[in-house]
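Source file: query_23.txt; contents: compact mmCIF, C-alpha atoms.
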# COMPACT_ATOMS: atom_id res chain seq x y z
CA MET A 1 0.00 0.00 0.00
CA VAL A 2 1.35 3.39 -1.04
CA ASP A 3 -0.22 6.03 1.21
CA GLN A 4 0.51 9.43 -0.33
CA THR A 5 -1.64 11.15 2.31
CA GLY A 6 0.62 9.98 5.14
CA LYS A 7 -2.42 9.65 7.45
CA LEU A 8 -4.56 6.71 6.43
CA TYR A 9 -2.40 3.61 6.83
CA ARG A 10 -2.90 3.21 10.57
CA HIS A 11 -6.67 3.67 10.24
CA PHE A 12 -6.74 1.24 7.32
CA TYR A 13 -4.76 -1.35 9.26
CA ASP A 14 -7.11 -1.04 12.26
CA SER A 15 -10.12 -1.31 9.96
CA VAL A 16 -8.82 -4.48 8.30
CA THR A 17 -7.62 -6.30 11.39
CA GLU A 18 -10.31 -4.88 13.72
CA ASN A 19 -7.67 -4.28 16.40
CA ALA A 20 -7.59 -1.10 18.42
CA ARG A 21 -3.80 -1.17 18.85
CA PRO A 22 -1.93 -2.96 16.02
CA LYS A 23 1.43 -4.56 16.60
CA TYR A 24 4.37 -3.52 14.47
CA PRO A 25 6.97 -6.25 13.81
CA GLU A 26 10.43 -5.57 12.50
CA PRO A 27 10.60 -4.43 8.85
CA ALA A 28 11.54 -6.94 6.19
CA ASN A 29 13.03 -4.39 3.79
CA ALA A 30 14.11 -1.02 5.16
CA ASN A 31 14.36 0.52 1.69
CA LEU A 32 10.69 -0.09 0.93
CA LEU A 33 9.13 0.52 4.36
CA ASN A 34 8.59 3.65 6.37
CA LYS A 35 11.25 3.55 9.10
CA ASP A 36 9.41 5.89 11.47
CA THR A 37 5.69 5.10 11.64
CA SER A 38 4.96 1.88 9.75
CA LYS A 39 6.88 -1.34 9.29
CA ARG A 40 6.37 -4.81 8.00
CA PHE A 41 3.04 -6.24 9.26
CA GLU A 42 2.74 -9.98 9.65
CA GLU A 43 -0.59 -10.16 11.44
CA LEU A 44 -3.42 -11.66 9.49
CA GLY A 45 -6.84 -10.01 9.61
CA GLU A 46 -9.64 -12.49 9.12
CA GLN A 47 -12.92 -11.12 7.80
CA ARG A 48 -15.31 -12.59 5.22
CA GLN A 49 -13.03 -15.62 5.00
CA ASN A 50 -10.13 -13.52 3.66
CA SER A 51 -6.64 -13.10 5.16
CA PHE A 52 -4.52 -10.02 4.51
CA GLU A 53 -0.87 -9.29 5.17
CA LEU A 54 -0.42 -5.54 5.03
CA GLU A 55 2.70 -3.64 4.06
CA GLU A 56 3.16 0.10 3.68
CA ILE A 57 5.54 1.25 0.96
CA ASN A 58 7.51 4.41 1.70
CA PRO A 59 7.84 6.54 -1.48
CA ASP A 60 11.04 8.10 -0.06
CA GLY A 61 10.95 10.79 -2.75
CA ARG A 62 10.82 8.33 -5.64
CA PRO A 63 8.48 8.86 -8.61
CA LEU A 64 5.16 7.03 -8.44
CA ASN A 65 5.76 5.25 -11.75
CA GLU A 66 8.99 3.75 -10.42
CA ILE A 67 7.19 2.46 -7.33
CA LYS A 68 4.38 1.00 -9.45
CA ASN A 69 6.86 -0.78 -11.73
CA GLU A 70 8.58 -2.29 -8.70
CA LEU A 71 5.28 -3.42 -7.20
CA ASP A 72 4.07 -4.79 -10.55
CA ALA A 73 7.20 -6.93 -10.69
CA ARG A 74 6.48 -8.25 -7.20
CA VAL A 75 2.89 -9.05 -8.19
CA LEU A 76 4.05 -10.92 -11.29
CA ALA A 77 6.58 -12.80 -9.14
CA LYS A 78 3.67 -13.75 -6.80
CA ASP A 79 5.33 -11.97 -3.92
CA LEU A 80 2.22 -9.79 -3.65
CA ASP A 81 -1.42 -10.44 -4.47
CA GLY A 82 -2.04 -6.75 -5.09
CA TYR A 83 -1.38 -3.24 -3.88
CA LEU A 84 -3.24 0.01 -3.26
CA ILE A 85 -2.30 3.51 -4.36
CA LEU A 86 -3.83 6.25 -2.20
CA PRO A 87 -3.56 9.71 -3.80
CA ALA A 88 -2.62 12.74 -1.76
CA ASN A 89 -6.08 14.28 -2.23
CA LEU A 90 -8.00 11.17 -1.15
CA LEU A 91 -9.47 12.96 1.87
CA GLU A 92 -11.04 15.54 -0.46
CA ASP A 93 -12.11 14.05 -3.78
CA GLY A 94 -9.34 11.66 -4.82
CA LYS A 95 -9.91 8.06 -5.86
CA PRO A 96 -7.73 5.16 -4.68
CA GLU A 97 -6.46 2.58 -7.16
CA TYR A 98 -6.09 -1.16 -6.71
CA PHE A 99 -3.70 -3.26 -8.81
CA GLY A 100 -3.61 -7.04 -8.50
CA ARG A 101 -3.48 -10.41 -10.23
CA ASN A 102 -7.17 -11.10 -9.73
CA THR A 103 -9.21 -7.90 -9.95
CA GLY A 104 -12.36 -9.95 -10.61
CA ASP A 105 -12.51 -11.00 -6.95
CA VAL A 106 -15.60 -8.99 -6.04
CA LEU A 107 -15.54 -9.92 -2.34
CA THR A 108 -11.96 -8.74 -1.83
CA THR A 109 -12.58 -5.53 -3.76
CA LYS A 110 -15.68 -4.80 -1.73
CA PHE A 111 -13.87 -5.56 1.51
CA LEU A 112 -11.01 -3.19 0.65
CA THR A 113 -13.48 -0.48 -0.38
CA GLU A 114 -15.33 -0.73 2.93
CA ALA A 115 -12.08 -0.72 4.92
CA LEU A 116 -10.83 2.35 3.05
CA SER A 117 -14.16 4.11 3.55
CA ARG A 118 -13.97 3.55 7.30
CA ALA A 119 -10.35 4.74 7.39
CA VAL A 120 -11.15 7.91 5.42
CA ARG A 121 -14.17 8.63 7.59
CA GLN A 122 -12.12 8.31 10.78
CA GLN A 123 -9.38 10.58 9.46
CA ARG A 124 -11.91 13.19 8.34
CA LEU A 125 -13.44 13.19 11.81
CA THR A 126 -9.98 13.51 13.34
CA ASP A 127 -9.14 16.46 11.09
CA ALA A 128 -12.41 18.10 12.12
CA ASN A 129 -11.53 17.63 15.84
CA ILE A 130 -14.48 15.27 16.36
CA ASP A 131 -14.10 12.35 18.74
CA VAL A 132 -14.59 9.13 16.76
CA LYS A 133 -15.78 7.18 19.83
CA ILE A 134 -18.52 9.72 20.50
CA VAL A 135 -19.68 9.47 16.89
CA GLN A 136 -19.77 5.68 17.14
CA GLN A 137 -21.82 5.87 20.34
CA LEU A 138 -24.27 8.33 18.78
CA SER A 139 -24.54 6.13 15.67
CA GLU A 140 -25.56 2.99 17.56
CA PRO A 141 -28.68 1.47 15.91
CA VAL A 142 -31.91 1.13 17.89
CA GLN A 143 -33.42 -2.25 18.72
CA LEU A 144 -37.10 -2.37 17.79
CA GLU A 145 -39.24 -4.67 19.92
CA ALA A 146 -42.37 -5.98 18.21
CA THR A 147 -45.46 -6.87 20.26
CA LYS A 148 -48.44 -8.76 18.90
CA VAL A 149 -51.78 -7.31 19.95
CA SER A 150 -54.38 -9.92 20.95
CA ALA A 151 -57.55 -10.11 23.01
CA SER A 152 -55.67 -11.63 25.95
CA GLY A 153 -53.01 -8.92 25.97
CA GLY A 154 -49.80 -8.05 24.20
CA VAL A 155 -47.23 -10.75 23.52
CA ALA A 156 -43.65 -9.91 22.55
CA ASP A 157 -42.69 -11.35 19.16
CA ARG A 158 -39.16 -12.75 19.19
CA GLY A 159 -39.37 -14.55 15.87
CA GLU A 160 -41.12 -17.74 16.97
CA GLY A 161 -43.77 -17.43 14.28
CA PHE A 162 -41.21 -16.93 11.53
CA ALA A 163 -39.14 -19.87 12.82
CA LEU A 164 -42.23 -22.10 12.86
CA VAL A 165 -43.29 -21.16 9.33
CA PHE A 166 -39.72 -21.47 8.02
CA GLY A 167 -39.29 -24.88 9.66
CA ALA A 168 -42.59 -26.16 8.28
CA GLY A 169 -41.77 -24.89 4.80
CA PHE A 170 -38.31 -26.46 4.92
CA ILE A 171 -39.77 -29.83 5.98
CA MET A 172 -42.27 -29.68 3.12
CA TYR A 173 -39.51 -28.80 0.66
CA LEU A 174 -37.29 -31.63 1.95
CA THR A 175 -40.16 -34.10 1.80
CA ILE A 176 -41.10 -33.19 -1.76
CA LEU A 177 -37.46 -33.29 -2.86
CA MET A 178 -36.72 -36.67 -1.30
CA TYR A 179 -39.89 -38.56 -2.10
CA GLY A 180 -40.40 -36.97 -5.50
CA GLN A 181 -37.14 -38.66 -6.49
CA MET A 182 -38.47 -41.94 -5.11
CA ILE A 183 -41.59 -41.70 -7.29
CA LEU A 184 -39.50 -40.85 -10.34
CA GLY A 185 -37.17 -43.75 -9.64
CA ALA A 186 -40.08 -46.17 -9.26
CA VAL A 187 -41.67 -45.03 -12.53
CA ILE A 188 -38.36 -45.38 -14.41
CA ALA A 189 -37.76 -48.84 -12.91
CA GLU A 190 -41.21 -50.05 -13.98
CA LYS A 191 -40.66 -48.65 -17.45
CA GLU A 192 -37.30 -50.40 -17.82
CA THR A 193 -38.61 -53.76 -16.61
CA ARG A 194 -41.76 -53.49 -18.75
CA ILE A 195 -43.96 -54.01 -15.68
CA SER A 196 -45.97 -50.91 -16.51
CA GLU A 197 -47.19 -52.41 -19.82
CA ILE A 198 -48.51 -55.44 -17.95
CA LEU A 199 -50.20 -53.25 -15.33
CA PHE A 200 -51.75 -50.99 -17.98
CA SER A 201 -53.52 -53.99 -19.43
CA SER A 202 -55.67 -54.25 -16.30
CA VAL A 203 -55.44 -50.78 -14.65
CA ARG A 204 -55.83 -47.37 -16.16
CA PRO A 205 -52.66 -45.22 -16.12
CA PHE A 206 -54.34 -42.52 -14.04
CA ILE A 207 -55.37 -44.97 -11.33
CA LEU A 208 -51.91 -46.53 -11.31
CA MET A 209 -50.20 -43.15 -10.93
CA ILE A 210 -52.61 -42.03 -8.19
CA GLY A 211 -51.95 -45.26 -6.30
CA LYS A 212 -48.21 -44.76 -6.63
CA LEU A 213 -48.44 -41.17 -5.38
CA VAL A 214 -50.65 -42.10 -2.46
CA GLY A 215 -48.45 -45.05 -1.50
CA VAL A 216 -45.19 -43.13 -1.57
CA SER A 217 -46.83 -40.16 0.20
CA LEU A 218 -48.01 -42.43 3.01
CA VAL A 219 -44.49 -43.83 3.29
CA ALA A 220 -43.16 -40.28 3.56
CA LEU A 221 -45.72 -39.32 6.20
CA THR A 222 -44.96 -42.47 8.16
CA GLN A 223 -41.24 -41.75 8.14
CA LEU A 224 -41.82 -38.12 9.13
CA ALA A 225 -44.08 -39.29 11.95
CA ILE A 226 -41.31 -41.59 13.19
CA TRP A 227 -38.83 -38.70 13.09
CA GLY A 228 -41.26 -36.46 14.95
CA LEU A 229 -41.92 -39.06 17.65
CA ALA A 230 -38.18 -39.65 18.04
CA PHE A 231 -37.60 -35.91 18.40
CA LEU A 232 -40.35 -35.64 21.02
CA ALA A 233 -38.93 -38.63 22.89
CA PHE A 234 -35.45 -37.09 22.99
CA ALA A 235 -36.91 -33.73 24.02
CA ALA A 236 -38.92 -35.33 26.83
CA PHE A 237 -35.84 -37.21 27.97
CA GLY A 238 -33.83 -33.98 28.01
CA VAL A 239 -36.53 -32.16 29.97
CA SER A 240 -36.76 -34.95 32.52
CA LEU A 241 -32.98 -35.01 32.85
CA LEU A 242 -32.86 -31.26 33.47
CA ALA A 243 -35.74 -31.49 35.93
CA ALA A 244 -33.91 -34.24 37.83
CA LYS A 245 -30.91 -31.92 38.17
CA GLY A 246 -33.10 -29.12 39.51
CA VAL A 247 -32.79 -26.85 36.47
CA PRO A 248 -35.90 -24.64 36.22
CA ILE A 249 -37.76 -25.04 32.92
CA THR A 250 -40.37 -22.59 31.68
CA PHE A 251 -42.62 -22.78 28.65
CA ARG A 252 -44.47 -19.99 26.91
CA MET A 253 -47.35 -20.52 24.54
CA CYS A 254 -46.83 -18.86 21.15
CA ARG A 255 -49.90 -17.22 19.63
Any chance you could give the structure as structure tokens?
Amino acid sequence: MVDQTGKLYRHFYDSVTENARPKYPEPANANLLNKDTSKRFEELGEQRQNSFELEEINPDGRPLNEIKNELDARVLAKDLDGYLILPANLLEDGKPEYFGRNTGDVLTTKFLTEALSRAVRQQRLTDANIDVKIVQQLSEPVQLEATKVSASGGVADRGEGFALVFGAGFIMYLTILMYGQMILGAVIAEKETRISEILFSSVRPFILMIGKLVGVSLVALTQLAIWGLAFLAFAAFGVSLLAAKGVPITFRMCR
């Protein structure tokens, strides 16, 4: 990262690693690193399943094109995955530039954009003599509590209804997916063994298909009933075990 503003690297590092006080290991190359304020970083920041090793490049009076050529060579040699160029007027209206081997990685590009936005925002607040912590406290989102109005009184909604509907819909989807394949497999097997031609001689195709659907559906319902009873048995066993240990258990009826 080439920070031509001289102010954003620390904020960017904190934004990436989510650490309030970053650690600064010894520099790997004194000619390329800032000897005073930033050195080689070997801490990995994990966010959105990405790991980053950050390094600040000290221009040291060299032309920007020379620095870019050197960094391009390191990217081609797979010593770097990419690098950022922050213009001197980034805090006003400048635009940062990212150069890398894989610029089509949308997640990484978005992550770097968000980290830079947070860093620029913090530095702008610092330049305006505004405490960043106070701004963060004043920007805390509110927590809305929903209450269902009923004849027996208000009941706080904590998502039980959504969880119930989602669970029921997922079970229906899983049932249709699993046992639809069973019906398809049975029809293909009968077609391959020529059993269907023999059955069609005595039973109409519609009746045969309805019987197959009803039969497989009853098998599915039976298996789901067994799963449900097993779940209730395990739940009852767990409740009795907790009650034996003296753990208080409360139930609330969802409406």
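Nearest residue to Glu55 (chain A), choosing from A:Leu76, A:Ala220, A:Val2, A:Ile85 and counting all atoms listed in the file: A:Val2.
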In Å to one decimal, how far is CA of Gly161 (chain A) from CA of Ala146 (chain A)? 12.2 Å
Can you pull out the residues contacting Leu80 (chain A)? Cut-off 12 Å, using only C-alpha atoms, and skip same-chain residues under 2 positions away; I want them as a PyMOL selection string. chain A and resi 1+52-55+70-78+82-84+99-102
Test item: residues at most 9 Å from Leu8 (chain A), all atoms listed in the file, excluding those fewer than 2 positions along its chain, as number ranges by chain: A: 3-6, 10-13, 86, 116, 119-120, 122-123
Would you pick out the contacts of Glu114 (chain A) at 12 Å or less, using all atoms listed in the file, so that residues sharing its chain but fewer than 5 positions from it are not included, and give the list as a ChimeraX atom specification? /A:12,15-16,47,107-109,119-121
Calculate how many Å separate CA of Leu241 (chain A) from CA of Val165 (chain A), rounding to one decimal. 29.2 Å
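Across A:Val203, A:Ile176, A:Ala163, A:Leu112, the tightest approach to Pro96 (chain A) is made by A:Leu112 when counting only C-alpha atoms.
Take the candidates A:Met172, A:Ile210, A:Leu184, A:Ile57 and check each one against Tyr9 (chain A) using all atoms listed in the file; the shortest distance goes to A:Ile57.
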So the first atom is CA of Phe234 (chain A) and the second is CA of Val216 (chain A); what is the distance between them in Å, to one decimal place? 27.1 Å
